[in-house]
Structure formats: structure tokens, C-alpha cells
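Visitor: So I've got this file, query.cif, and it contains mmCIF, C-alpha atoms:
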```cif
data_coords
loop_
_atom_site.label_atom_id
_atom_site.label_comp_id
_atom_site.auth_asym_id
_atom_site.auth_seq_id
_atom_site.Cartn_x
_atom_site.Cartn_y
_atom_site.Cartn_z
CA MET P 1 0.00 0.00 0.00
CA ALA P 2 1.48 3.36 -1.03
CA ILE P 3 1.84 5.91 1.76
CA ASP P 4 1.33 9.59 0.88
CA ALA P 5 4.14 11.91 2.04
CA GLN P 6 1.60 14.70 2.65
CA SER P 7 -0.33 12.53 5.13
CA PRO P 8 -0.13 13.42 8.84
CA ILE P 9 2.08 12.08 11.62
CA GLY P 10 0.06 10.29 14.31
CA ILE P 11 1.22 10.56 17.93
CA PHE P 12 -0.41 9.00 20.97
CA ASP P 13 0.05 8.87 24.73
CA SER P 14 -2.06 8.25 27.81
CA GLY P 15 -2.34 11.98 28.42
CA ILE P 16 -0.30 15.17 28.21
CA GLY P 17 3.17 13.61 28.36
CA GLY P 18 3.37 12.90 24.64
CA LEU P 19 2.86 16.61 23.98
CA THR P 20 6.54 17.05 24.88
CA VAL P 21 7.40 14.83 21.91
CA ALA P 22 4.72 16.35 19.64
CA ARG P 23 6.15 19.82 20.28
CA GLU P 24 9.67 18.71 19.34
CA VAL P 25 8.40 16.92 16.20
CA LYS P 26 6.55 20.08 15.16
CA LYS P 27 9.60 22.23 15.86
CA LEU P 28 11.86 19.98 13.79
CA LEU P 29 9.30 19.29 11.02
CA PRO P 30 7.15 22.42 10.65
CA ASN P 31 5.74 21.28 7.28
CA GLU P 32 4.03 18.27 8.84
CA GLN P 33 0.48 17.94 10.14
CA ILE P 34 0.16 16.20 13.50
CA VAL P 35 -2.78 14.13 14.71
CA TYR P 36 -2.38 13.66 18.46
CA PHE P 37 -4.43 11.23 20.56
CA GLY P 38 -4.42 11.60 24.34
CA ASP P 39 -6.08 8.61 26.01
CA THR P 40 -7.19 10.70 28.98
CA ALA P 41 -9.97 8.23 29.87
CA HIS P 42 -7.38 5.58 30.80
CA LEU P 43 -4.42 7.54 32.16
CA PRO P 44 -1.94 6.79 33.56
CA TYR P 45 -0.83 3.73 31.61
CA GLY P 46 2.01 3.02 34.03
CA ASP P 47 -0.12 1.11 36.53
CA LYS P 48 -2.22 -0.77 33.95
CA SER P 49 -1.74 -4.41 32.92
CA THR P 50 0.15 -5.26 29.74
CA ALA P 51 -3.07 -6.64 28.20
CA ALA P 52 -5.00 -3.43 28.93
CA ILE P 53 -2.26 -1.21 27.45
CA GLN P 54 -2.13 -3.41 24.35
CA ALA P 55 -5.90 -3.14 23.90
CA TYR P 56 -5.84 0.67 24.22
CA SER P 57 -2.84 0.98 21.89
CA VAL P 58 -4.30 -1.12 19.08
CA LYS P 59 -7.60 0.75 19.31
CA ILE P 60 -5.81 4.12 19.09
CA ALA P 61 -3.63 2.88 16.22
CA ASP P 62 -6.86 2.05 14.41
CA VAL P 63 -8.09 5.62 14.93
CA LEU P 64 -4.82 7.04 13.57
CA ILE P 65 -4.94 4.74 10.53
CA LYS P 66 -8.46 6.04 9.83
CA GLU P 67 -6.93 9.55 9.98
CA LYS P 68 -4.58 8.32 7.20
CA CYS P 69 -1.42 8.82 9.28
CA LYS P 70 1.80 7.86 7.48
CA LEU P 71 3.69 7.28 10.73
CA ILE P 72 2.45 6.36 14.21
CA LEU P 73 4.65 7.43 17.11
CA ILE P 74 3.92 5.68 20.41
CA ALA P 75 4.84 8.66 22.58
CA CYS P 76 4.51 6.73 25.81
CA ASN P 77 7.18 4.56 27.40
CA SER P 78 4.64 2.21 29.03
CA ALA P 79 2.88 1.60 25.69
CA SER P 80 6.23 1.36 23.87
CA ALA P 81 7.31 -1.36 26.31
CA ALA P 82 4.01 -3.26 26.28
CA ALA P 83 2.56 -2.82 22.81
CA PHE P 84 5.12 -1.75 20.18
CA ASP P 85 5.44 -5.13 18.46
CA LEU P 86 1.68 -5.68 18.53
CA VAL P 87 0.90 -2.23 17.08
CA LYS P 88 3.55 -2.71 14.39
CA ALA P 89 2.03 -6.06 13.40
CA TYR P 90 -1.50 -4.62 13.45
CA VAL P 91 -0.62 -1.57 11.33
CA ALA P 92 1.49 -3.68 8.94
CA SER P 93 2.25 -1.74 5.72
CA LYS P 94 -0.33 1.00 6.30
CA ALA P 95 2.09 3.21 8.27
CA LEU P 96 5.54 3.33 9.82
CA VAL P 97 5.58 2.76 13.60
CA VAL P 98 8.09 4.30 16.03
CA ASN P 99 8.47 3.92 19.79
CA VAL P 100 10.20 6.21 22.30
CA ILE P 101 12.60 3.60 23.72
CA ASP P 102 14.81 2.54 20.78
CA PRO P 103 15.97 6.08 19.87
CA VAL P 104 17.07 6.67 23.48
CA VAL P 105 18.88 3.33 23.71
CA ASN P 106 20.69 4.08 20.42
CA PHE P 107 21.66 7.52 21.77
CA LEU P 108 23.09 5.93 24.93
CA GLY P 109 25.10 3.51 22.81
CA LYS P 110 26.67 6.34 20.83
CA HIS P 111 27.36 8.85 23.61
CA HIS P 112 27.45 7.13 27.03
CA ASN P 113 29.65 4.03 26.72
CA GLY P 114 30.90 2.66 30.03
CA GLU P 115 28.76 4.99 32.16
CA THR P 116 26.47 4.34 35.08
CA VAL P 117 23.08 5.43 33.78
CA GLY P 118 19.93 5.91 35.85
CA LEU P 119 16.40 5.40 34.55
CA ILE P 120 13.19 6.68 36.09
CA GLY P 121 9.81 5.67 34.71
CA THR P 122 6.44 4.14 35.45
CA LYS P 123 6.05 0.71 37.06
CA GLN P 124 5.13 -0.76 33.67
CA THR P 125 8.25 0.63 31.97
CA VAL P 126 10.68 -0.31 34.73
CA THR P 127 9.33 -3.77 35.56
CA SER P 128 9.22 -4.71 31.86
CA GLY P 129 13.01 -4.52 31.90
CA VAL P 130 12.97 -3.41 28.27
CA TYR P 131 15.51 -0.59 28.69
CA LEU P 132 17.90 -2.82 30.66
CA GLN P 133 17.65 -5.62 28.10
CA LYS P 134 18.18 -3.33 25.11
CA VAL P 135 21.08 -1.48 26.79
CA ASN P 136 22.77 -4.77 27.76
CA ASN P 137 22.39 -5.97 24.16
CA LEU P 138 24.49 -3.00 23.03
CA GLY P 139 27.50 -4.51 24.82
CA VAL P 140 29.11 -1.13 25.49
CA GLY P 141 29.61 -1.43 29.26
CA ILE P 142 26.69 0.71 30.41
CA GLN P 143 25.53 -0.11 33.95
CA MET P 144 21.84 0.77 34.21
CA LYS P 145 20.10 1.48 37.51
CA SER P 146 16.31 1.68 37.29
CA LEU P 147 13.74 3.16 39.66
CA ALA P 148 9.95 3.15 39.28
CA THR P 149 8.52 6.57 40.13
CA PRO P 150 4.74 5.98 39.85
CA LEU P 151 3.55 9.21 41.48
CA LEU P 152 5.28 11.54 39.03
CA ALA P 153 3.05 11.12 35.94
CA PRO P 154 -0.29 11.60 37.79
CA MET P 155 1.26 14.52 39.70
CA ILE P 156 2.11 16.18 36.39
CA GLU P 157 -1.28 15.35 34.84
CA GLU P 158 -3.04 17.06 37.75
CA GLY P 159 -0.80 20.13 37.59
CA PHE P 160 0.85 19.58 40.99
CA HIS P 161 4.32 19.75 39.42
CA LEU P 162 3.87 23.54 39.53
CA GLN P 163 3.41 23.52 43.31
CA ASN P 164 5.81 23.15 46.24
CA ILE P 165 4.63 19.63 47.11
CA SER P 166 6.27 18.34 43.92
CA LYS P 167 9.73 19.21 45.25
CA ASP P 168 9.35 16.79 48.19
CA ILE P 169 7.97 13.98 46.00
CA ILE P 170 10.78 14.38 43.44
CA ALA P 171 13.44 14.49 46.18
CA SER P 172 12.06 11.39 47.92
CA TYR P 173 12.39 9.42 44.68
CA LEU P 174 15.71 10.76 43.42
CA GLY P 175 17.36 10.40 46.83
CA GLN P 176 16.90 6.62 46.86
CA THR P 177 19.92 4.32 46.78
CA GLU P 178 19.07 2.98 43.30
CA LEU P 179 20.20 6.28 41.80
CA LYS P 180 23.41 6.72 43.80
CA GLU P 181 26.55 7.52 41.75
CA ILE P 182 24.79 7.80 38.37
CA GLN P 183 26.41 10.01 35.72
CA THR P 184 23.40 10.26 33.41
CA LEU P 185 19.65 10.01 34.00
CA VAL P 186 17.15 8.89 31.38
CA LEU P 187 13.69 10.43 31.73
CA GLY P 188 11.83 7.22 30.92
CA CYS P 189 8.39 8.82 30.67
CA THR P 190 7.34 11.54 28.26
CA HIS P 191 5.71 13.45 31.13
CA TYR P 192 9.03 13.99 32.89
CA PRO P 193 10.51 16.77 30.71
CA LEU P 194 7.90 18.97 32.40
CA ILE P 195 9.84 18.57 35.67
CA LYS P 196 13.30 18.64 34.08
CA ASN P 197 14.35 21.79 35.93
CA GLN P 198 13.34 20.38 39.33
CA ILE P 199 15.33 17.20 38.62
CA LEU P 200 18.43 19.17 37.56
CA GLU P 201 18.09 21.29 40.69
CA PHE P 202 18.04 18.18 42.89
CA PHE P 203 21.29 16.91 41.32
CA ASN P 204 22.84 20.44 41.35
CA GLY P 205 23.41 20.10 37.60
CA LYS P 206 26.04 17.38 38.19
CA ILE P 207 24.44 14.75 35.96
CA GLU P 208 23.35 14.78 32.35
CA LEU P 209 19.63 14.40 31.69
CA ILE P 210 18.42 12.60 28.58
CA ASP P 211 15.16 14.15 27.41
CA ALA P 212 13.71 11.59 25.00
CA SER P 213 11.52 14.13 23.19
CA GLU P 214 14.39 15.68 21.21
CA THR P 215 16.05 12.33 20.46
CA VAL P 216 12.77 10.77 19.33
CA ALA P 217 11.86 13.75 17.12
CA ARG P 218 15.19 13.39 15.29
CA SER P 219 14.53 9.66 14.89
CA VAL P 220 11.09 10.39 13.34
CA ALA P 221 12.64 12.90 10.93
CA ASP P 222 15.39 10.45 9.91
CA LEU P 223 12.92 7.60 9.33
CA LEU P 224 10.59 9.74 7.21
CA LYS P 225 13.54 11.03 5.18
CA PHE P 226 14.91 7.49 4.66
CA ASN P 227 11.51 6.36 3.36
CA GLY P 228 10.98 9.44 1.17
CA LEU P 229 7.97 10.49 3.25
CA LEU P 230 8.89 13.99 4.44
CA ALA P 231 6.17 16.48 3.47
CA GLU P 232 7.44 18.37 0.42
CA LYS P 233 5.36 21.46 1.16
CA LYS P 234 3.81 22.95 4.28
CA THR P 235 0.49 21.29 4.97
CA THR P 236 -2.67 23.37 4.78
CA GLU P 237 -4.36 21.02 7.25
CA LYS P 238 -4.52 22.05 10.91
CA ASP P 239 -3.05 19.84 13.61
CA LYS P 240 -5.70 17.71 15.33
CA PHE P 241 -5.88 16.91 19.03
CA LEU P 242 -8.17 14.02 19.95
CA VAL P 243 -8.90 12.92 23.52
CA SER P 244 -10.83 9.92 24.81
CA ASP P 245 -12.18 12.08 27.64
CA TYR P 246 -12.14 15.88 27.92
CA THR P 247 -10.04 17.35 30.73
CA VAL P 248 -9.36 21.01 31.49
CA SER P 249 -5.72 20.30 32.39
CA PHE P 250 -5.10 18.73 28.97
CA GLU P 251 -6.54 21.75 27.17
CA GLU P 252 -4.52 24.19 29.28
CA THR P 253 -1.28 22.24 28.83
CA THR P 254 -1.83 21.96 25.07
CA LYS P 255 -2.27 25.72 24.88
CA LEU P 256 0.88 26.24 26.96
CA PHE P 257 2.92 23.91 24.73
CA PHE P 258 1.82 25.22 21.36
CA GLY P 259 1.35 28.89 22.27
CA LYS P 260 -2.21 29.10 21.02
CA GLN P 261 -5.71 27.93 21.82
CA ILE P 262 -6.14 24.33 20.69
CA LYS P 263 -9.54 22.85 20.00
CA LEU P 264 -9.82 19.39 21.50
CA GLN P 265 -12.03 16.79 19.82
CA LYS P 266 -13.52 14.15 22.08
CA TYR P 267 -13.17 10.68 20.56
CA PRO P 268 -14.29 7.95 23.01
CA LEU P 269 -12.51 4.65 22.35
CA TRP P 270 -15.45 2.55 23.46
CA GLU P 271 -19.10 3.49 23.60
#
```
Can I see the file as C-alpha cells?

Guide:
Amino acid sequence: MAIDAQSPIGIFDSGIGGLTVAREVKKLLPNEQIVYFGDTAHLPYGDKSTAAIQAYSVKIADVLIKEKCKLILIACNSASAAAFDLVKAYVASKALVVNVIDPVVNFLGKHHNGETVGLIGTKQTVTSGVYLQKVNNLGVGIQMKSLATPLLAPMIEEGFHLQNISKDIIASYLGQTELKEIQTLVLGCTHYPLIKNQILEFFNGKIELIDASETVARSVADLLKFNGLLAEKKTTEKDKFLVSDYTVSFEETTKLFFGKQIKLQKYPLWE
């Protein structure tokens, strides 16, 4: 099946976290139209079962295929860990499929050989062991220390990352022994760039943070270019933002990210 280069890029996440990636994709590829799906009815994905995340992901992939997306970016670490292979098989030749884990692992392999690298993420991402397995497969001497930080994504979704209470929650996680003596920290959830400054402050700027959103955006651009699918001219179509359940915080965050009022379209996954 031929894919049209002027078709949109589909991006999905459980909520607002994937907007960090969508913003970087838009910045790097201004000619492209984005169709974003925030599964706000089921957030956060991090504490859901693998089977549930797979069901949500395939359903959303179906929505994005109906929107004629040429590439589907799973902008969620939990869904990338649980459902990437399934979504890829389901979509088949209708679209390219990208996750947010492989670009980060490849970046570590190129720039952080022999280091002690920390990873923070949801329970689903950390317990899946997918980062550890992929990093070990590189064979470049990276020692990875992982810590599940399940309160961070819901804290960000509810807007508490802008309040003082977030400082104590962040400190209680980052001060744990699992992250002692790390040189680099991977933000293993697309929500976490929204608290990047608080994390850097905790470590007094002494570690390097890997913000997946920039790395993943470059990976999307490279893949589209390799397949001859970069939009040749600026799209006349407006970006679309679909949500499975309307939330005020999602609308406000979308406006903050993209610098303009965004109209959300409610698209329930099951009715």
C-alpha cells in the first residue's frame, strides 16, 4: 500500500506527556500535520496491565490509521514497552511505527559508553526490563540502575508539578539508593521533561539528563527522510488533538505547549 508523504504524523500517549514529543516533532518538522491522541480516559498507563495497554494501543492505532497517518509514534514509554510489536504487526504496511525507547537506547550507545546510567519511569516501563535488556544488548559497558517513580506522571497530569509539594515527591524518589553515583539520568516517561528543571536542581546540575523528546523527534525525521515520506510542502491542514475524555488540564497544557488555543475533539474509544 502506497503511503502519501503529505499525510499526517500520528502521535499518541495516555495523556499530556506525549505533547513534549509532539512539540519537538513540530519544531523539527514544521511542514508536517500532527494528529495527536491523548487517552485521557485511561491515564496513567504506568499502573495498567500489559493486556490493557495493548488493547488501548491497538484501538488508538486504528483511529490514527483512519486519519490516514503515514507514521504512528507511540509517545509513551509504558505503551512502547508493552505494545510496540503488537501495534507494528496490526498496522502492517499501512504506516511506519516508532516507539520512544529505541531512539534513546541508540543515543546511549553512541554517547554514554561505560557509564552508570539511571532510569526513572512508570512501574510498567521499569518492571518490563525493556531498557535494561536493550542497553545490555548494546554490549558497550553501560551499567543501568532503574527506579519506578509511579507518582510523578499523575502529579504532572493534575498540575501539581507547579506547586511546592512536587519538590518533596521528586526528592524522595531521586534520593533513593538505586540512583546513587549515576552520571546520566534517562527520563523514561514523556511526562518527565515537564519537571526537568526540578530534577536538575536536585542533582545540582552534576548529571546529564536525557530528554527523550528531542532524540525521538530526530529519529522520526530520519525515518521519514529514509523512506521518502517527508512532506514536500507545508500542509494546509490544521493539527488535530483528539482525547478519549475531555479534561481542562489537557486543554490548558496543550495551549501552553503550542502557544495558542487548541480545540480538542472528544473521541471515546469505546461506547

Visitor: So which residues get picked by the PyMOL selection byres ((chain P and resi 110) around 12) here, written as a PyMOL selection string?

Guide: chain P and resi 103-109+111-115+135+138-142

Visitor: Only C-alpha atoms, please: the residues just picked out, written as a PDB file, keeping the file's coordinate frame.

Guide:
```pdb
ATOM      1  CA  PRO P 103      15.970   6.080  19.870  1.00  0.00           C
ATOM      2  CA  VAL P 104      17.070   6.670  23.480  1.00  0.00           C
ATOM      3  CA  VAL P 105      18.880   3.330  23.710  1.00  0.00           C
ATOM      4  CA  ASN P 106      20.690   4.080  20.420  1.00  0.00           C
ATOM      5  CA  PHE P 107      21.660   7.520  21.770  1.00  0.00           C
ATOM      6  CA  LEU P 108      23.090   5.930  24.930  1.00  0.00           C
ATOM      7  CA  GLY P 109      25.100   3.510  22.810  1.00  0.00           C
ATOM      8  CA  HIS P 111      27.360   8.850  23.610  1.00  0.00           C
ATOM      9  CA  HIS P 112      27.450   7.130  27.030  1.00  0.00           C
ATOM     10  CA  ASN P 113      29.650   4.030  26.720  1.00  0.00           C
ATOM     11  CA  GLY P 114      30.900   2.660  30.030  1.00  0.00           C
ATOM     12  CA  GLU P 115      28.760   4.990  32.160  1.00  0.00           C
ATOM     13  CA  VAL P 135      21.080  -1.480  26.790  1.00  0.00           C
ATOM     14  CA  LEU P 138      24.490  -3.000  23.030  1.00  0.00           C
ATOM     15  CA  GLY P 139      27.500  -4.510  24.820  1.00  0.00           C
ATOM     16  CA  VAL P 140      29.110  -1.130  25.490  1.00  0.00           C
ATOM     17  CA  GLY P 141      29.610  -1.430  29.260  1.00  0.00           C
ATOM     18  CA  ILE P 142      26.690   0.710  30.410  1.00  0.00           C
TER      19      ILE P 142
END
```

Visitor: P:Tyr173, P:Tyr36, P:Tyr246, P:Phe84: which is nearest Pro268 of chain P, counting only C-alpha atoms?

Guide: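 Distance minimum relative to Pro268 of chain P lands on P:Tyr246.
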
Visitor: Can you list, as number ranges by chain, every protein, DNA or RNA residue that comes within 9 Å of Lys123 of chain P when you count only C-alpha atoms, leaving out same-chain residues fewer than 5 positions away?

Guide: P: 46-48, 78, 128, 147-150

Visitor: Can you give me, as a ChimeraX atom specification, the residues this file yields under the PyMOL selection byres ((chain P and resi 69) around 9)?

Guide: /P:3-4,7-10,34-35,64-68,70-72,94-96

Visitor: Residues as selected, C-alpha atoms, written as an mmCIF file, in the frame of the given file, can you do that?

Guide:
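File part-v2.cif, as written:
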```cif
data_model
loop_
_atom_site.group_PDB
_atom_site.id
_atom_site.type_symbol
_atom_site.label_atom_id
_atom_site.label_comp_id
_atom_site.auth_asym_id
_atom_site.auth_seq_id
_atom_site.Cartn_x
_atom_site.Cartn_y
_atom_site.Cartn_z
ATOM 1 C CA ILE P 3 1.840 5.910 1.760
ATOM 2 C CA ASP P 4 1.330 9.590 0.880
ATOM 3 C CA SER P 7 -0.330 12.530 5.130
ATOM 4 C CA PRO P 8 -0.130 13.420 8.840
ATOM 5 C CA ILE P 9 2.080 12.080 11.620
ATOM 6 C CA GLY P 10 0.060 10.290 14.310
ATOM 7 C CA ILE P 34 0.160 16.200 13.500
ATOM 8 C CA VAL P 35 -2.780 14.130 14.710
ATOM 9 C CA LEU P 64 -4.820 7.040 13.570
ATOM 10 C CA ILE P 65 -4.940 4.740 10.530
ATOM 11 C CA LYS P 66 -8.460 6.040 9.830
ATOM 12 C CA GLU P 67 -6.930 9.550 9.980
ATOM 13 C CA LYS P 68 -4.580 8.320 7.200
ATOM 14 C CA LYS P 70 1.800 7.860 7.480
ATOM 15 C CA LEU P 71 3.690 7.280 10.730
ATOM 16 C CA ILE P 72 2.450 6.360 14.210
ATOM 17 C CA LYS P 94 -0.330 1.000 6.300
ATOM 18 C CA ALA P 95 2.090 3.210 8.270
ATOM 19 C CA LEU P 96 5.540 3.330 9.820
#
```

Visitor: How far is it from atom CA of Val97 of chain P to atom CA of Tyr267 of chain P, in Å with one decimal?

Guide: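 Between these atoms lies a distance of 21.5 Å.
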
Visitor: Can I get C-alpha atoms for segment 51-162 of chain P, as a PDB file, in the first residue's frame?

Guide:
```
ATOM      1  CA  ALA P  51      -3.069  -6.642  28.203  1.00  0.00           C
ATOM      2  CA  ALA P  52      -5.000  -3.434  28.928  1.00  0.00           C
ATOM      3  CA  ILE P  53      -2.263  -1.212  27.445  1.00  0.00           C
ATOM      4  CA  GLN P  54      -2.128  -3.413  24.349  1.00  0.00           C
ATOM      5  CA  ALA P  55      -5.899  -3.142  23.896  1.00  0.00           C
ATOM      6  CA  TYR P  56      -5.842   0.665  24.221  1.00  0.00           C
ATOM      7  CA  SER P  57      -2.836   0.982  21.894  1.00  0.00           C
ATOM      8  CA  VAL P  58      -4.300  -1.118  19.077  1.00  0.00           C
ATOM      9  CA  LYS P  59      -7.602   0.754  19.313  1.00  0.00           C
ATOM     10  CA  ILE P  60      -5.807   4.120  19.092  1.00  0.00           C
ATOM     11  CA  ALA P  61      -3.628   2.879  16.218  1.00  0.00           C
ATOM     12  CA  ASP P  62      -6.861   2.047  14.412  1.00  0.00           C
ATOM     13  CA  VAL P  63      -8.089   5.619  14.932  1.00  0.00           C
ATOM     14  CA  LEU P  64      -4.822   7.043  13.570  1.00  0.00           C
ATOM     15  CA  ILE P  65      -4.936   4.741  10.532  1.00  0.00           C
ATOM     16  CA  LYS P  66      -8.458   6.038   9.827  1.00  0.00           C
ATOM     17  CA  GLU P  67      -6.934   9.546   9.976  1.00  0.00           C
ATOM     18  CA  LYS P  68      -4.578   8.317   7.197  1.00  0.00           C
ATOM     19  CA  CYS P  69      -1.416   8.825   9.280  1.00  0.00           C
ATOM     20  CA  LYS P  70       1.805   7.861   7.482  1.00  0.00           C
ATOM     21  CA  LEU P  71       3.688   7.276  10.734  1.00  0.00           C
ATOM     22  CA  ILE P  72       2.454   6.355  14.213  1.00  0.00           C
ATOM     23  CA  LEU P  73       4.647   7.430  17.107  1.00  0.00           C
ATOM     24  CA  ILE P  74       3.924   5.676  20.405  1.00  0.00           C
ATOM     25  CA  ALA P  75       4.845   8.662  22.578  1.00  0.00           C
ATOM     26  CA  CYS P  76       4.512   6.728  25.811  1.00  0.00           C
ATOM     27  CA  ASN P  77       7.183   4.556  27.405  1.00  0.00           C
ATOM     28  CA  SER P  78       4.644   2.209  29.028  1.00  0.00           C
ATOM     29  CA  ALA P  79       2.881   1.601  25.694  1.00  0.00           C
ATOM     30  CA  SER P  80       6.233   1.364  23.872  1.00  0.00           C
ATOM     31  CA  ALA P  81       7.315  -1.365  26.311  1.00  0.00           C
ATOM     32  CA  ALA P  82       4.007  -3.258  26.279  1.00  0.00           C
ATOM     33  CA  ALA P  83       2.556  -2.822  22.807  1.00  0.00           C
ATOM     34  CA  PHE P  84       5.116  -1.749  20.176  1.00  0.00           C
ATOM     35  CA  ASP P  85       5.442  -5.133  18.457  1.00  0.00           C
ATOM     36  CA  LEU P  86       1.679  -5.677  18.532  1.00  0.00           C
ATOM     37  CA  VAL P  87       0.896  -2.230  17.078  1.00  0.00           C
ATOM     38  CA  LYS P  88       3.553  -2.714  14.394  1.00  0.00           C
ATOM     39  CA  ALA P  89       2.029  -6.062  13.399  1.00  0.00           C
ATOM     40  CA  TYR P  90      -1.503  -4.623  13.450  1.00  0.00           C
ATOM     41  CA  VAL P  91      -0.619  -1.569  11.334  1.00  0.00           C
ATOM     42  CA  ALA P  92       1.491  -3.682   8.937  1.00  0.00           C
ATOM     43  CA  SER P  93       2.248  -1.744   5.724  1.00  0.00           C
ATOM     44  CA  LYS P  94      -0.329   0.996   6.302  1.00  0.00           C
ATOM     45  CA  ALA P  95       2.085   3.215   8.266  1.00  0.00           C
ATOM     46  CA  LEU P  96       5.538   3.333   9.824  1.00  0.00           C
ATOM     47  CA  VAL P  97       5.577   2.757  13.598  1.00  0.00           C
ATOM     48  CA  VAL P  98       8.086   4.298  16.033  1.00  0.00           C
ATOM     49  CA  ASN P  99       8.471   3.924  19.792  1.00  0.00           C
ATOM     50  CA  VAL P 100      10.198   6.209  22.299  1.00  0.00           C
ATOM     51  CA  ILE P 101      12.598   3.604  23.718  1.00  0.00           C
ATOM     52  CA  ASP P 102      14.810   2.539  20.784  1.00  0.00           C
ATOM     53  CA  PRO P 103      15.970   6.085  19.866  1.00  0.00           C
ATOM     54  CA  VAL P 104      17.067   6.675  23.485  1.00  0.00           C
ATOM     55  CA  VAL P 105      18.878   3.329  23.706  1.00  0.00           C
ATOM     56  CA  ASN P 106      20.693   4.079  20.417  1.00  0.00           C
ATOM     57  CA  PHE P 107      21.661   7.524  21.772  1.00  0.00           C
ATOM     58  CA  LEU P 108      23.092   5.931  24.934  1.00  0.00           C
ATOM     59  CA  GLY P 109      25.100   3.507  22.811  1.00  0.00           C
ATOM     60  CA  LYS P 110      26.666   6.345  20.827  1.00  0.00           C
ATOM     61  CA  HIS P 111      27.356   8.845  23.610  1.00  0.00           C
ATOM     62  CA  HIS P 112      27.447   7.129  27.030  1.00  0.00           C
ATOM     63  CA  ASN P 113      29.645   4.027  26.720  1.00  0.00           C
ATOM     64  CA  GLY P 114      30.904   2.663  30.028  1.00  0.00           C
ATOM     65  CA  GLU P 115      28.765   4.991  32.161  1.00  0.00           C
ATOM     66  CA  THR P 116      26.466   4.342  35.084  1.00  0.00           C
ATOM     67  CA  VAL P 117      23.076   5.431  33.781  1.00  0.00           C
ATOM     68  CA  GLY P 118      19.928   5.909  35.852  1.00  0.00           C
ATOM     69  CA  LEU P 119      16.398   5.402  34.547  1.00  0.00           C
ATOM     70  CA  ILE P 120      13.187   6.682  36.090  1.00  0.00           C
ATOM     71  CA  GLY P 121       9.812   5.669  34.706  1.00  0.00           C
ATOM     72  CA  THR P 122       6.438   4.143  35.452  1.00  0.00           C
ATOM     73  CA  LYS P 123       6.051   0.712  37.061  1.00  0.00           C
ATOM     74  CA  GLN P 124       5.134  -0.762  33.672  1.00  0.00           C
ATOM     75  CA  THR P 125       8.249   0.626  31.968  1.00  0.00           C
ATOM     76  CA  VAL P 126      10.680  -0.305  34.732  1.00  0.00           C
ATOM     77  CA  THR P 127       9.331  -3.775  35.564  1.00  0.00           C
ATOM     78  CA  SER P 128       9.216  -4.712  31.860  1.00  0.00           C
ATOM     79  CA  GLY P 129      13.013  -4.516  31.899  1.00  0.00           C
ATOM     80  CA  VAL P 130      12.971  -3.408  28.268  1.00  0.00           C
ATOM     81  CA  TYR P 131      15.514  -0.585  28.693  1.00  0.00           C
ATOM     82  CA  LEU P 132      17.902  -2.820  30.659  1.00  0.00           C
ATOM     83  CA  GLN P 133      17.645  -5.620  28.101  1.00  0.00           C
ATOM     84  CA  LYS P 134      18.184  -3.327  25.109  1.00  0.00           C
ATOM     85  CA  VAL P 135      21.083  -1.483  26.789  1.00  0.00           C
ATOM     86  CA  ASN P 136      22.772  -4.770  27.758  1.00  0.00           C
ATOM     87  CA  ASN P 137      22.385  -5.966  24.161  1.00  0.00           C
ATOM     88  CA  LEU P 138      24.489  -2.997  23.031  1.00  0.00           C
ATOM     89  CA  GLY P 139      27.496  -4.506  24.818  1.00  0.00           C
ATOM     90  CA  VAL P 140      29.113  -1.127  25.487  1.00  0.00           C
ATOM     91  CA  GLY P 141      29.607  -1.425  29.256  1.00  0.00           C
ATOM     92  CA  ILE P 142      26.693   0.708  30.405  1.00  0.00           C
ATOM     93  CA  GLN P 143      25.525  -0.106  33.945  1.00  0.00           C
ATOM     94  CA  MET P 144      21.843   0.772  34.211  1.00  0.00           C
ATOM     95  CA  LYS P 145      20.100   1.482  37.512  1.00  0.00           C
ATOM     96  CA  SER P 146      16.314   1.685  37.292  1.00  0.00           C
ATOM     97  CA  LEU P 147      13.736   3.156  39.656  1.00  0.00           C
ATOM     98  CA  ALA P 148       9.953   3.150  39.285  1.00  0.00           C
ATOM     99  CA  THR P 149       8.519   6.574  40.127  1.00  0.00           C
ATOM    100  CA  PRO P 150       4.743   5.981  39.852  1.00  0.00           C
ATOM    101  CA  LEU P 151       3.547   9.207  41.481  1.00  0.00           C
ATOM    102  CA  LEU P 152       5.277  11.541  39.034  1.00  0.00           C
ATOM    103  CA  ALA P 153       3.050  11.120  35.942  1.00  0.00           C
ATOM    104  CA  PRO P 154      -0.289  11.601  37.793  1.00  0.00           C
ATOM    105  CA  MET P 155       1.263  14.516  39.704  1.00  0.00           C
ATOM    106  CA  ILE P 156       2.108  16.182  36.393  1.00  0.00           C
ATOM    107  CA  GLU P 157      -1.281  15.348  34.837  1.00  0.00           C
ATOM    108  CA  GLU P 158      -3.042  17.059  37.754  1.00  0.00           C
ATOM    109  CA  GLY P 159      -0.800  20.134  37.589  1.00  0.00           C
ATOM    110  CA  PHE P 160       0.852  19.584  40.988  1.00  0.00           C
ATOM    111  CA  HIS P 161       4.322  19.752  39.416  1.00  0.00           C
ATOM    112  CA  LEU P 162       3.866  23.536  39.527  1.00  0.00           C
TER     113      LEU P 162
END
```
